[in-house]
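Raw contents of query_26.csv, CSV, C-alpha atoms:
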```csv
chain,number,residue,atom,x,y,z
A,1,MET,CA,50.2,-103.7,-108.0
A,2,ALA,CA,48.4,-107.0,-108.2
A,3,THR,CA,45.1,-107.8,-109.8
A,4,GLY,CA,41.8,-107.2,-108.1
A,5,GLU,CA,41.5,-111.0,-107.6
A,6,SER,CA,44.7,-111.1,-105.5
A,7,THR,CA,44.4,-111.8,-101.8
A,8,GLY,CA,45.8,-109.5,-99.1
A,9,ARG,CA,48.8,-111.8,-98.8
A,10,ASP,CA,49.4,-111.7,-102.5
A,11,LEU,CA,49.4,-107.9,-102.5
A,12,ARG,CA,51.9,-107.8,-99.7
A,13,ALA,CA,54.1,-110.4,-101.4
A,14,ASP,CA,53.9,-108.3,-104.6
A,15,ARG,CA,54.9,-105.2,-102.8
A,16,ILE,CA,57.9,-106.9,-101.2
A,17,PHE,CA,58.9,-108.4,-104.5
A,18,VAL,CA,58.9,-105.0,-106.2
A,19,LEU,CA,60.6,-103.2,-103.4
A,20,ARG,CA,63.4,-105.7,-103.1
A,21,HIS,CA,64.0,-105.5,-106.8
A,22,ALA,CA,64.0,-101.7,-106.6
A,23,VAL,CA,66.6,-101.5,-103.9
A,24,ALA,CA,68.7,-104.1,-105.7
A,25,GLN,CA,68.6,-102.1,-108.9
A,26,LEU,CA,69.7,-99.0,-107.0
A,27,LEU,CA,72.8,-100.8,-105.7
A,28,PHE,CA,73.5,-102.7,-108.9
A,29,TRP,CA,73.4,-99.5,-111.0
A,30,SER,CA,75.6,-97.7,-108.5
A,31,SER,CA,78.2,-100.5,-108.4
A,32,PHE,CA,78.3,-101.8,-112.0
A,33,TYR,CA,77.6,-98.7,-114.1
A,34,TYR,CA,77.8,-95.3,-112.4
A,35,LEU,CA,80.9,-96.2,-110.3
A,36,MET,CA,83.3,-95.8,-113.2
A,37,PRO,CA,82.2,-92.3,-114.4
A,38,ALA,CA,82.2,-91.1,-110.8
A,39,LEU,CA,85.6,-92.7,-110.1
A,40,LEU,CA,87.2,-91.7,-113.4
A,41,PRO,CA,88.8,-88.4,-112.4
A,42,HIS,CA,90.4,-90.0,-109.3
A,43,LEU,CA,91.4,-93.2,-111.2
A,44,LEU,CA,93.2,-91.1,-113.9
A,45,ALA,CA,94.9,-88.8,-111.4
A,46,GLN,CA,96.2,-91.7,-109.3
A,47,SER,CA,97.1,-94.2,-112.1
A,48,GLY,CA,98.3,-92.0,-114.9
A,49,TRP,CA,96.4,-94.1,-117.4
A,50,SER,CA,95.0,-92.5,-120.5
A,51,ASP,CA,91.4,-91.1,-120.4
A,52,VAL,CA,90.7,-92.5,-123.9
A,53,ALA,CA,92.1,-95.9,-123.0
A,54,VAL,CA,90.0,-96.2,-119.8
A,55,SER,CA,86.9,-94.9,-121.5
A,56,GLY,CA,87.5,-97.4,-124.3
A,57,ALA,CA,87.6,-100.2,-121.7
A,58,MET,CA,84.3,-99.0,-120.2
A,59,SER,CA,82.8,-98.7,-123.7
A,60,SER,CA,83.8,-102.3,-124.5
A,61,GLY,CA,82.2,-103.5,-121.3
A,62,VAL,CA,78.9,-101.8,-122.3
A,63,LEU,CA,79.2,-103.4,-125.7
A,64,VAL,CA,79.4,-106.8,-124.0
A,65,TRP,CA,76.4,-105.9,-121.9
A,66,ALA,CA,74.6,-105.0,-125.1
A,67,VAL,CA,75.4,-108.2,-127.0
A,68,LEU,CA,74.3,-110.3,-124.1
A,69,CYS,CA,70.9,-108.5,-123.5
A,70,PRO,CA,68.9,-110.8,-125.8
A,71,PHE,CA,70.3,-113.9,-124.1
A,72,ALA,CA,69.4,-112.4,-120.7
A,73,GLY,CA,65.9,-111.8,-122.0
A,74,GLY,CA,65.7,-115.4,-123.2
A,75,VAL,CA,66.7,-116.5,-119.6
A,76,VAL,CA,63.7,-114.5,-118.3
A,77,ASP,CA,61.4,-116.1,-120.9
A,78,ARG,CA,62.5,-119.5,-119.8
A,79,GLY,CA,61.9,-118.8,-116.1
A,80,GLY,CA,65.5,-118.8,-115.0
A,81,ALA,CA,65.9,-115.2,-114.0
A,82,GLU,CA,66.2,-115.7,-110.2
A,83,ARG,CA,69.3,-118.0,-110.3
A,84,ALA,CA,70.9,-116.1,-113.2
A,85,MET,CA,70.6,-112.7,-111.5
A,86,ARG,CA,72.1,-114.0,-108.3
A,87,LEU,CA,75.0,-115.6,-110.1
A,88,ALA,CA,75.5,-112.4,-112.2
A,89,GLY,CA,75.6,-110.3,-109.0
A,90,ILE,CA,78.3,-112.5,-107.5
A,91,CYS,CA,80.4,-112.5,-110.7
A,92,GLY,CA,80.1,-108.7,-111.0
A,93,ALA,CA,81.4,-108.3,-107.4
A,94,VAL,CA,84.4,-110.6,-108.2
A,95,LEU,CA,85.2,-108.6,-111.3
A,96,LEU,CA,85.2,-105.4,-109.3
A,97,LEU,CA,87.6,-106.9,-106.9
A,98,LEU,CA,89.8,-108.0,-109.9
A,99,ALA,CA,89.7,-104.4,-111.1
A,100,ALA,CA,90.6,-103.0,-107.7
A,101,TRP,CA,93.8,-105.0,-107.5
A,102,ALA,CA,94.8,-104.7,-111.2
A,103,GLN,CA,98.5,-103.6,-111.4
A,104,THR,CA,98.4,-103.0,-115.1
A,105,PHE,CA,95.9,-101.2,-117.3
A,106,TRP,CA,95.2,-104.4,-119.3
A,107,LEU,CA,94.0,-106.3,-116.3
A,108,LEU,CA,91.7,-103.5,-115.4
A,109,ALA,CA,90.5,-103.4,-119.0
A,110,VAL,CA,89.7,-107.2,-118.9
A,111,ALA,CA,87.7,-106.7,-115.7
A,112,LEU,CA,85.7,-103.8,-117.1
A,113,VAL,CA,85.0,-105.6,-120.3
A,114,LEU,CA,83.8,-108.8,-118.6
A,115,LEU,CA,81.7,-106.7,-116.2
A,116,GLY,CA,79.3,-106.3,-119.2
A,117,GLY,CA,78.1,-109.9,-118.6
A,118,PRO,CA,76.8,-109.3,-115.0
A,119,MET,CA,75.3,-105.9,-116.1
A,120,ALA,CA,73.2,-107.7,-118.9
A,121,MET,CA,71.6,-110.0,-116.3
A,122,THR,CA,71.1,-107.6,-113.4
A,123,LEU,CA,70.2,-104.2,-114.7
A,124,TYR,CA,66.9,-102.8,-115.8
A,125,ASP,CA,65.7,-104.8,-118.8
A,126,PRO,CA,65.5,-108.3,-117.2
A,127,CYS,CA,63.9,-106.7,-114.2
A,128,PHE,CA,61.3,-104.9,-116.3
A,129,SER,CA,60.6,-108.1,-118.2
A,130,LEU,CA,60.0,-109.8,-114.9
A,131,MET,CA,57.5,-107.1,-113.9
A,132,ILE,CA,55.6,-107.3,-117.2
A,133,ARG,CA,55.4,-111.1,-117.0
A,134,ARG,CA,54.2,-111.0,-113.4
A,135,PHE,CA,51.8,-108.0,-113.5
A,136,GLY,CA,50.8,-107.8,-117.1
A,137,PRO,CA,49.0,-104.6,-118.0
A,138,GLU,CA,49.5,-103.4,-114.4
A,139,ALA,CA,53.3,-103.5,-114.7
A,140,ARG,CA,53.4,-99.7,-115.2
A,141,ARG,CA,53.3,-98.9,-111.4
A,142,PRO,CA,56.0,-101.5,-110.4
A,143,ILE,CA,58.3,-100.3,-113.2
A,144,THR,CA,57.7,-96.7,-112.2
A,145,LEU,CA,58.5,-97.5,-108.5
A,146,ILE,CA,61.7,-99.4,-109.4
A,147,THR,CA,62.9,-96.6,-111.6
A,148,LEU,CA,62.0,-94.0,-108.9
A,149,ILE,CA,64.2,-95.8,-106.3
A,150,ALA,CA,67.0,-96.8,-108.7
A,151,GLY,CA,67.0,-93.2,-110.0
A,152,PHE,CA,68.8,-92.1,-106.8
A,153,ALA,CA,71.9,-94.0,-108.0
A,154,THR,CA,73.7,-90.9,-109.2
A,155,LEU,CA,72.8,-89.0,-106.0
A,156,LEU,CA,74.3,-91.9,-104.1
A,157,ILE,CA,77.4,-92.6,-106.1
A,158,PHE,CA,78.9,-89.2,-107.0
A,159,PRO,CA,78.9,-87.7,-103.4
A,160,LEU,CA,79.9,-91.0,-101.9
A,161,VAL,CA,82.9,-91.5,-104.2
A,162,SER,CA,83.9,-87.9,-103.6
A,163,ALA,CA,83.6,-88.3,-99.8
A,164,LEU,CA,85.6,-91.5,-99.8
A,165,ALA,CA,88.3,-89.9,-101.9
A,166,ALA,CA,88.4,-86.8,-99.7
A,167,ALA,CA,88.8,-89.2,-96.7
A,168,GLY,CA,92.0,-90.4,-98.2
A,169,LEU,CA,90.8,-93.7,-99.8
A,170,GLY,CA,92.5,-94.5,-103.1
A,171,TRP,CA,90.4,-95.6,-106.1
A,172,ARG,CA,91.2,-99.2,-105.5
A,173,TRP,CA,89.7,-99.3,-102.0
A,174,ILE,CA,86.6,-97.4,-103.3
A,175,VAL,CA,86.1,-100.1,-105.9
A,176,VAL,CA,86.4,-102.8,-103.1
A,177,ILE,CA,83.6,-101.0,-101.1
A,178,PHE,CA,81.3,-101.1,-104.1
A,179,ALA,CA,82.1,-104.8,-104.7
A,180,VAL,CA,80.7,-105.4,-101.2
A,181,ILE,CA,77.7,-103.2,-102.1
A,182,ALA,CA,77.1,-105.4,-105.2
A,183,LEU,CA,77.1,-108.5,-103.0
A,184,LEU,CA,74.5,-106.8,-100.8
A,185,ALA,CA,72.3,-106.1,-103.8
A,186,THR,CA,72.6,-109.8,-104.7
A,187,ALA,CA,71.5,-110.8,-101.2
A,188,ILE,CA,68.5,-108.4,-101.5
A,189,LEU,CA,67.1,-110.0,-104.7
A,190,PRO,CA,63.8,-111.8,-104.0
A,191,SER,CA,62.9,-115.2,-105.0
A,192,ASP,CA,60.7,-115.6,-108.1
A,193,PRO,CA,58.0,-118.2,-107.3
A,194,GLN,CA,56.1,-117.4,-110.5
A,195,GLY,CA,59.0,-118.1,-112.8
A,196,ASP,CA,57.9,-121.7,-113.6
A,197,GLU,CA,54.2,-120.8,-113.4
A,198,ASN,CA,54.5,-118.3,-116.3
A,199,LEU,CA,57.0,-120.2,-118.3
A,200,GLN,CA,54.3,-121.5,-120.7
A,201,ALA,CA,52.9,-118.1,-121.4
A,202,THR,CA,56.3,-116.6,-122.2
A,203,ALA,CA,57.9,-119.3,-124.2
A,204,CYS,CA,60.1,-118.0,-127.0
A,205,ALA,CA,58.8,-117.9,-130.5
A,206,PRO,CA,61.0,-117.0,-133.5
A,207,PRO,CA,60.0,-113.5,-134.7
A,208,GLY,CA,59.1,-112.9,-138.3
A,209,LYS,CA,61.0,-110.6,-140.6
A,210,GLU,CA,58.5,-107.7,-140.2
A,211,GLN,CA,58.6,-108.1,-136.4
A,212,ARG,CA,62.4,-108.0,-136.4
A,213,ALA,CA,62.4,-104.8,-138.5
A,214,ARG,CA,59.9,-103.2,-136.2
A,215,THR,CA,62.0,-104.1,-133.2
A,216,ILE,CA,65.2,-102.6,-134.7
A,217,ALA,CA,63.5,-99.4,-135.7
A,218,PHE,CA,61.9,-99.0,-132.3
A,219,GLY,CA,65.2,-99.8,-130.6
A,220,MET,CA,67.2,-97.3,-132.7
A,221,ALA,CA,64.9,-94.4,-131.8
A,222,PHE,CA,65.6,-94.9,-128.1
A,223,ALA,CA,69.2,-95.8,-128.7
A,224,LEU,CA,70.0,-92.4,-130.2
A,225,MET,CA,68.7,-90.7,-127.1
A,226,MET,CA,70.7,-93.1,-124.9
A,227,PHE,CA,73.8,-92.2,-127.0
A,228,GLY,CA,73.3,-88.5,-126.3
A,229,HIS,CA,72.7,-89.1,-122.6
A,230,ALA,CA,75.8,-91.2,-122.2
A,231,ALA,CA,77.9,-88.7,-124.1
A,232,LEU,CA,76.8,-85.9,-121.7
A,233,LEU,CA,77.3,-88.1,-118.6
A,234,PHE,CA,80.8,-89.0,-119.4
A,235,GLN,CA,82.2,-85.9,-121.0
A,236,LEU,CA,80.2,-82.8,-120.1
A,237,PRO,CA,81.5,-82.2,-116.5
A,238,ALA,CA,85.2,-82.3,-117.6
A,239,GLN,CA,84.4,-80.1,-120.6
A,240,LEU,CA,82.7,-77.5,-118.5
A,241,VAL,CA,85.7,-77.4,-116.2
A,242,GLU,CA,88.1,-77.0,-119.1
A,243,ALA,CA,86.1,-74.7,-121.4
A,244,ARG,CA,84.3,-72.5,-118.9
A,245,GLY,CA,86.3,-72.9,-115.7
A,246,LEU,CA,83.4,-74.3,-113.7
A,247,SER,CA,85.3,-76.1,-111.0
A,248,GLY,CA,82.2,-77.5,-109.4
A,249,ALA,CA,81.0,-79.1,-112.6
A,250,LEU,CA,82.4,-82.5,-111.7
A,251,MET,CA,79.5,-82.8,-109.2
A,252,LEU,CA,76.8,-81.9,-111.7
A,253,PRO,CA,76.0,-85.5,-112.7
A,254,MET,CA,74.7,-86.1,-109.2
A,255,VAL,CA,71.6,-84.1,-110.2
A,256,LEU,CA,70.6,-86.5,-112.9
A,257,GLY,CA,69.3,-89.1,-110.5
A,258,PRO,CA,67.0,-86.7,-108.5
A,259,ALA,CA,65.9,-85.1,-111.8
A,260,GLN,CA,65.0,-88.6,-113.1
A,261,VAL,CA,63.0,-89.2,-109.9
A,262,ALA,CA,61.2,-85.8,-110.3
A,263,GLY,CA,60.4,-86.6,-113.9
A,264,ARG,CA,59.0,-90.0,-113.0
A,265,LEU,CA,56.9,-88.5,-110.1
A,266,MET,CA,55.5,-85.9,-112.5
A,267,TRP,CA,54.7,-88.7,-115.0
A,268,GLU,CA,53.0,-90.7,-112.3
A,269,ARG,CA,50.7,-87.8,-111.6
A,270,VAL,CA,49.7,-87.1,-115.3
A,271,GLN,CA,50.1,-90.4,-117.0
A,272,SER,CA,46.4,-91.3,-116.6
A,273,ARG,CA,45.5,-88.3,-118.7
A,274,LEU,CA,48.1,-88.9,-121.4
A,275,HIS,CA,48.7,-91.5,-124.1
A,276,SER,CA,52.2,-93.0,-124.0
A,277,GLU,CA,52.8,-92.4,-127.8
A,278,PRO,CA,52.3,-88.6,-127.9
A,279,ALA,CA,54.0,-88.3,-124.5
A,280,ALA,CA,57.1,-90.0,-126.0
A,281,LEU,CA,57.2,-87.6,-128.9
A,282,VAL,CA,56.9,-84.6,-126.5
A,283,LEU,CA,59.7,-86.0,-124.4
A,284,PHE,CA,62.0,-86.7,-127.4
A,285,THR,CA,61.5,-83.1,-128.4
A,286,ALA,CA,62.3,-81.8,-125.0
A,287,MET,CA,65.5,-83.7,-125.0
A,288,LEU,CA,66.7,-81.2,-127.6
A,289,LEU,CA,66.6,-78.5,-125.0
A,290,PRO,CA,69.7,-79.4,-122.8
A,291,PRO,CA,72.3,-79.1,-125.6
A,292,LEU,CA,70.6,-76.0,-126.9
A,293,LEU,CA,70.7,-74.4,-123.4
A,294,LEU,CA,74.3,-75.3,-123.0
A,295,PHE,CA,75.1,-73.6,-126.3
A,296,LEU,CA,73.9,-70.4,-124.8
A,297,GLY,CA,76.8,-70.4,-122.3
A,298,GLY,CA,76.3,-69.2,-118.8
A,299,GLY,CA,77.6,-70.6,-115.6
A,300,MET,CA,76.6,-73.3,-113.2
A,301,GLY,CA,73.0,-72.2,-113.2
A,302,MET,CA,72.5,-72.8,-116.9
A,303,ALA,CA,74.4,-76.1,-116.8
A,304,LEU,CA,72.3,-77.2,-113.8
A,305,LEU,CA,69.0,-76.4,-115.6
A,306,ALA,CA,70.1,-78.3,-118.7
A,307,LEU,CA,70.9,-81.4,-116.7
A,308,VAL,CA,67.7,-81.2,-114.7
A,309,ILE,CA,65.7,-81.2,-118.0
A,310,GLN,CA,68.0,-84.0,-119.4
A,311,GLY,CA,67.5,-86.1,-116.3
A,312,GLY,CA,63.8,-85.5,-116.0
A,313,CYS,CA,63.0,-86.4,-119.6
A,314,TYR,CA,65.4,-89.4,-119.7
A,315,GLY,CA,63.9,-90.8,-116.5
A,316,VAL,CA,60.4,-90.9,-118.1
A,317,LEU,CA,61.8,-92.4,-121.3
A,318,THR,CA,63.3,-95.2,-119.2
A,319,ILE,CA,59.7,-96.1,-118.2
A,320,LEU,CA,58.2,-95.6,-121.6
A,321,ARG,CA,60.6,-97.9,-123.4
A,322,PRO,CA,59.4,-101.2,-121.9
A,323,LEU,CA,55.7,-100.0,-121.8
A,324,LEU,CA,55.7,-98.9,-125.4
A,325,GLY,CA,57.6,-102.0,-126.3
A,326,ALA,CA,54.9,-104.2,-124.7
A,327,HIS,CA,52.3,-102.3,-126.9
A,328,TRP,CA,54.2,-102.2,-130.2
A,329,LEU,CA,56.1,-105.5,-129.9
A,330,PRO,CA,53.7,-107.9,-128.2
A,331,GLY,CA,53.7,-111.7,-128.4
A,332,ALA,CA,55.6,-114.7,-127.1
A,333,GLY,CA,59.3,-114.2,-126.3
A,334,PHE,CA,58.7,-110.5,-125.4
A,335,ALA,CA,61.6,-110.5,-122.9
A,336,ARG,CA,64.0,-111.5,-125.6
A,337,ARG,CA,62.7,-108.8,-128.0
A,338,LEU,CA,63.0,-106.2,-125.2
A,339,GLY,CA,66.6,-107.5,-124.8
A,340,VAL,CA,67.2,-106.8,-128.5
A,341,VAL,CA,65.9,-103.2,-128.0
A,342,ALA,CA,68.2,-102.9,-125.0
A,343,MET,CA,71.1,-104.3,-127.0
A,344,ILE,CA,70.7,-101.6,-129.7
A,345,GLY,CA,70.5,-98.9,-127.1
A,346,LEU,CA,73.5,-100.2,-125.1
A,347,LEU,CA,75.6,-100.5,-128.3
A,348,MET,CA,75.0,-96.8,-128.8
A,349,MET,CA,75.7,-96.1,-125.1
A,350,GLY,CA,78.8,-98.2,-125.3
A,351,VAL,CA,80.4,-96.3,-128.1
A,352,ALA,CA,79.2,-92.9,-126.7
A,353,PRO,CA,82.0,-92.3,-124.2
A,354,THR,CA,84.8,-93.1,-126.7
A,355,VAL,CA,83.2,-91.1,-129.5
A,356,ALA,CA,82.5,-88.2,-127.2
A,357,ALA,CA,86.1,-88.3,-125.9
A,358,TRP,CA,87.4,-88.3,-129.5
A,359,VAL,CA,85.1,-85.4,-130.5
A,360,THR,CA,86.0,-83.3,-127.5
A,361,SER,CA,89.7,-83.9,-128.0
A,362,GLY,CA,89.4,-82.2,-131.4
A,363,PHE,CA,86.4,-79.8,-131.0
A,364,GLY,CA,85.9,-79.3,-127.3
A,365,LEU,CA,82.6,-78.5,-125.7
A,366,VAL,CA,81.0,-77.2,-128.9
A,367,GLY,CA,81.7,-80.5,-130.7
A,368,LEU,CA,80.2,-82.4,-127.8
A,369,LEU,CA,77.0,-80.4,-127.9
A,370,VAL,CA,76.7,-80.6,-131.7
A,371,LEU,CA,77.1,-84.4,-131.4
A,372,VAL,CA,74.4,-84.7,-128.8
A,373,LEU,CA,72.0,-82.4,-130.7
A,374,LEU,CA,72.4,-84.4,-133.9
A,375,ALA,CA,71.8,-87.7,-132.1
A,376,ASP,CA,68.7,-86.5,-130.3
A,377,GLY,CA,67.2,-85.0,-133.5
A,378,ALA,CA,67.7,-88.2,-135.4
A,379,GLY,CA,66.1,-90.2,-132.5
A,380,LEU,CA,63.0,-87.9,-132.6
A,381,ALA,CA,62.7,-88.2,-136.4
A,382,LEU,CA,63.0,-92.0,-136.2
A,383,LEU,CA,60.4,-92.4,-133.5
A,384,ALA,CA,57.9,-90.1,-135.3
A,385,GLY,CA,58.4,-92.2,-138.5
A,386,PHE,CA,58.1,-95.5,-136.6
A,387,MET,CA,54.8,-94.4,-134.9
A,388,ARG,CA,53.3,-93.2,-138.2
A,389,ARG,CA,54.1,-96.5,-139.9
A,390,ALA,CA,52.9,-98.6,-137.0
A,391,ARG,CA,49.6,-96.7,-136.9
A,392,ARG,CA,49.1,-97.1,-140.7
A,393,GLU,CA,49.8,-100.9,-140.3
A,394,GLU,CA,47.2,-101.1,-137.5
A,395,TRP,CA,44.5,-99.3,-139.6
A,396,THR,CA,45.1,-101.5,-142.7
```
Target format structure tokens, applied to this file:
Amino acid sequence: MATGESTGRDLRADRIFVLRHAVAQLLFWSSFYYLMPALLPHLLAQSGWSDVAVSGAMSSGVLVWAVLCPFAGGVVDRGGAERAMRLAGICGAVLLLLAAWAQTFWLLAVALVLLGGPMAMTLYDPCFSLMIRRFGPEARRPITLITLIAGFATLLIFPLVSALAAAGLGWRWIVVIFAVIALLATAILPSDPQGDENLQATACAPPGKEQRARTIAFGMAFALMMFGHAALLFQLPAQLVEARGLSGALMLPMVLGPAQVAGRLMWERVQSRLHSEPAALVLFTAMLLPPLLLFLGGGMGMALLALVIQGGCYGVLTILRPLLGAHWLPGAGFARRLGVVAMIGLLMMGVAPTVAAWVTSGFGLVGLLVLVLLADGAGLALLAGFMRRARREEWT
């Protein structure tokens, strides 16, 4: 993962650096993001609070996460990621404890909204920016490894939450357990000795108008896919139970993590023979398949196939976004621009649970699938247009 000039000691340090970030990402994603969709059925059953209200609080937290992403990228550009990520991990654990002991919905909502701050500083994009800054063109392998390990988050969280609930633990104690897991993730984070060393190379520079427009277009293409993915994650299991009587559907999201890992492993095997740009177009097209397959009906087998395809494609897109961003959006202050791209995507992910809940309340499963299909199709069209224009600009 290091350059050919690195010593054996440097290579070992690089591996440890990447592995510790990878395990921390697995635990942070489990505690800060996937915990709530996994816990939602148990929380609603035990609290009596409204599905739309709780989903709205989660959406608001993701919106806060989104808005703060460019600021988190700026922290990485200035070399302060190490301290900021540790502080964010501790604050996130404290907010989970606040949510666990909330006696009113409004206190829970405050905790979930404020949790967006720690998510902005701990989850993928600041970590990816660190890898790109440290490894440069060789960052593909570290990023792939991190996403491979973190991709097991859904496989960890959904069975674990179900097992804890089956053991008689209420939703509050489950949240406490994951607050402790978040503290463990914080302790695992490695030091960043190259933060000050690379500060000069990554100093922020104000982007021009054309660069801002390119960043927004690039971000929106991926954002629409993130919207569809989040809509399926939060609403599909319950809709399959209600519309088709698939009682085991609540456990379906657990396959997304292994599917993402499988997709990334396949990508690792073939990426040397593929260019990232056409690969992204193929994957965006393949993302149309899950809602189309679910339209065909069928039982758990069809639903499982759809989510395996969804997870596999989405897992590779998670890798391609920072790598394509480094290609199409180069220059000083890259981490902040990647934060802007993440902000756009997370804004769409943030509204997805609430929009999907509203659509399904009126139109059920069919409405959800139409919503996802339209979002994915628009993302594909926007990416194709963006790449065509970018290539034309390069040739002129």
Which residues come within 7 Å of range 92-104 of chain A, counting all atoms listed in the file, excluding same-chain residues fewer than 2 positions away, as a ChimeraX atom specification? /A:88-90,106-108,111,115,118,172-173,175-176,179-180,182-183
Residues of the last selection are to be written out with C-alpha atoms, as a short mmCIF file (atom, residue, chain, number, x, y, z; two decimals), in the coordinates of the input.
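And here's out-v5.cif as it stands now:
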```cif
data_model
loop_
_atom_site.label_atom_id
_atom_site.label_comp_id
_atom_site.auth_asym_id
_atom_site.auth_seq_id
_atom_site.Cartn_x
_atom_site.Cartn_y
_atom_site.Cartn_z
CA ALA A 88 75.50 -112.40 -112.20
CA GLY A 89 75.60 -110.30 -109.00
CA ILE A 90 78.30 -112.50 -107.50
CA TRP A 106 95.20 -104.40 -119.30
CA LEU A 107 94.00 -106.30 -116.30
CA LEU A 108 91.70 -103.50 -115.40
CA ALA A 111 87.70 -106.70 -115.70
CA LEU A 115 81.70 -106.70 -116.20
CA PRO A 118 76.80 -109.30 -115.00
CA ARG A 172 91.20 -99.20 -105.50
CA TRP A 173 89.70 -99.30 -102.00
CA VAL A 175 86.10 -100.10 -105.90
CA VAL A 176 86.40 -102.80 -103.10
CA ALA A 179 82.10 -104.80 -104.70
CA VAL A 180 80.70 -105.40 -101.20
CA ALA A 182 77.10 -105.40 -105.20
CA LEU A 183 77.10 -108.50 -103.00
#
```
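Coordinates place CA of Leu11 in chain A at a distance of 22.9 Å from CA of Arg264 in chain A.
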Point-to-point distance in Å for CA of Ser59 in chain A and CA of Met300 in chain A: 28.2 Å
With the cut-off set at 9 Å and counting only C-alpha atoms, tabulate each residue of range 94-190 of chain A with an atom at most that distance from an atom of range 335-345 of chain A, showing the nearest atom pair and its distance in Å to one decimal, ordered by chain and increasing number, as a Markdown table.
```
| residue | atom | partner | partner_atom | distance |
| --- | --- | --- | --- | --- |
| A:Ala120 | CA | A:Gly339 | CA | 8.9 |
| A:Asp125 | CA | A:Gly339 | CA | 6.6 |
| A:Pro126 | CA | A:Ala335 | CA | 7.2 |
| A:Phe128 | CA | A:Ala335 | CA | 8.7 |
| A:Ser129 | CA | A:Ala335 | CA | 5.4 |
| A:Leu130 | CA | A:Ala335 | CA | 8.2 |
| A:Ile132 | CA | A:Ala335 | CA | 8.9 |
| A:Arg133 | CA | A:Ala335 | CA | 8.6 |
```
Selection from above, C-alpha atoms, as an mmCIF file, in the frame of the given file, can you write it?
```cif
data_model
loop_
_atom_site.group_PDB
_atom_site.id
_atom_site.type_symbol
_atom_site.label_atom_id
_atom_site.label_comp_id
_atom_site.auth_asym_id
_atom_site.auth_seq_id
_atom_site.Cartn_x
_atom_site.Cartn_y
_atom_site.Cartn_z
ATOM 1 C CA ALA A 120 73.200 -107.700 -118.900
ATOM 2 C CA ASP A 125 65.700 -104.800 -118.800
ATOM 3 C CA PRO A 126 65.500 -108.300 -117.200
ATOM 4 C CA PHE A 128 61.300 -104.900 -116.300
ATOM 5 C CA SER A 129 60.600 -108.100 -118.200
ATOM 6 C CA LEU A 130 60.000 -109.800 -114.900
ATOM 7 C CA ILE A 132 55.600 -107.300 -117.200
ATOM 8 C CA ARG A 133 55.400 -111.100 -117.000
#
```
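Compared by their closest atoms to Tyr33 in chain A, and using all atoms listed in the file, the residues A:Ala378, A:Met349, A:Leu329, A:Ala213 rank with A:Met349 nearest.
For the pair CA of Met121 in chain A and CA of Leu233 in chain A, the interatomic distance is 22.7 Å.
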Can you rebuild range 106-114 of chain A with N, CA, C and O atoms and give it as a CSV table (one decimal), keeping the file's coordinate frame?
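See rebuild.csv below for the written result:
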```
chain,number,residue,atom,x,y,z
A,106,TRP,N,95.9,-103.3,-118.6
A,106,TRP,CA,95.2,-104.4,-119.3
A,106,TRP,C,94.4,-105.3,-118.4
A,106,TRP,O,93.4,-105.8,-118.8
A,107,LEU,N,94.8,-105.5,-117.2
A,107,LEU,CA,94.0,-106.3,-116.3
A,107,LEU,C,92.8,-105.6,-115.9
A,107,LEU,O,91.7,-106.2,-115.8
A,108,LEU,N,92.9,-104.3,-115.6
A,108,LEU,CA,91.7,-103.5,-115.4
A,108,LEU,C,90.8,-103.5,-116.5
A,108,LEU,O,89.6,-103.7,-116.4
A,109,ALA,N,91.3,-103.4,-117.8
A,109,ALA,CA,90.5,-103.4,-119.0
A,109,ALA,C,89.7,-104.7,-119.1
A,109,ALA,O,88.5,-104.8,-119.4
A,110,VAL,N,90.4,-105.9,-118.8
A,110,VAL,CA,89.7,-107.2,-118.9
A,110,VAL,C,88.5,-107.2,-117.9
A,110,VAL,O,87.4,-107.7,-118.2
A,111,ALA,N,88.8,-106.7,-116.7
A,111,ALA,CA,87.7,-106.7,-115.7
A,111,ALA,C,86.5,-105.9,-116.1
A,111,ALA,O,85.4,-106.3,-116.0
A,112,LEU,N,86.8,-104.7,-116.7
A,112,LEU,CA,85.7,-103.8,-117.1
A,112,LEU,C,85.0,-104.3,-118.3
A,112,LEU,O,83.7,-104.2,-118.4
A,113,VAL,N,85.7,-105.0,-119.2
A,113,VAL,CA,85.0,-105.6,-120.3
A,113,VAL,C,84.1,-106.8,-119.9
A,113,VAL,O,82.9,-106.9,-120.3
A,114,LEU,N,84.6,-107.7,-119.0
A,114,LEU,CA,83.8,-108.8,-118.6
A,114,LEU,C,82.7,-108.4,-117.7
A,114,LEU,O,81.7,-109.1,-117.6
```
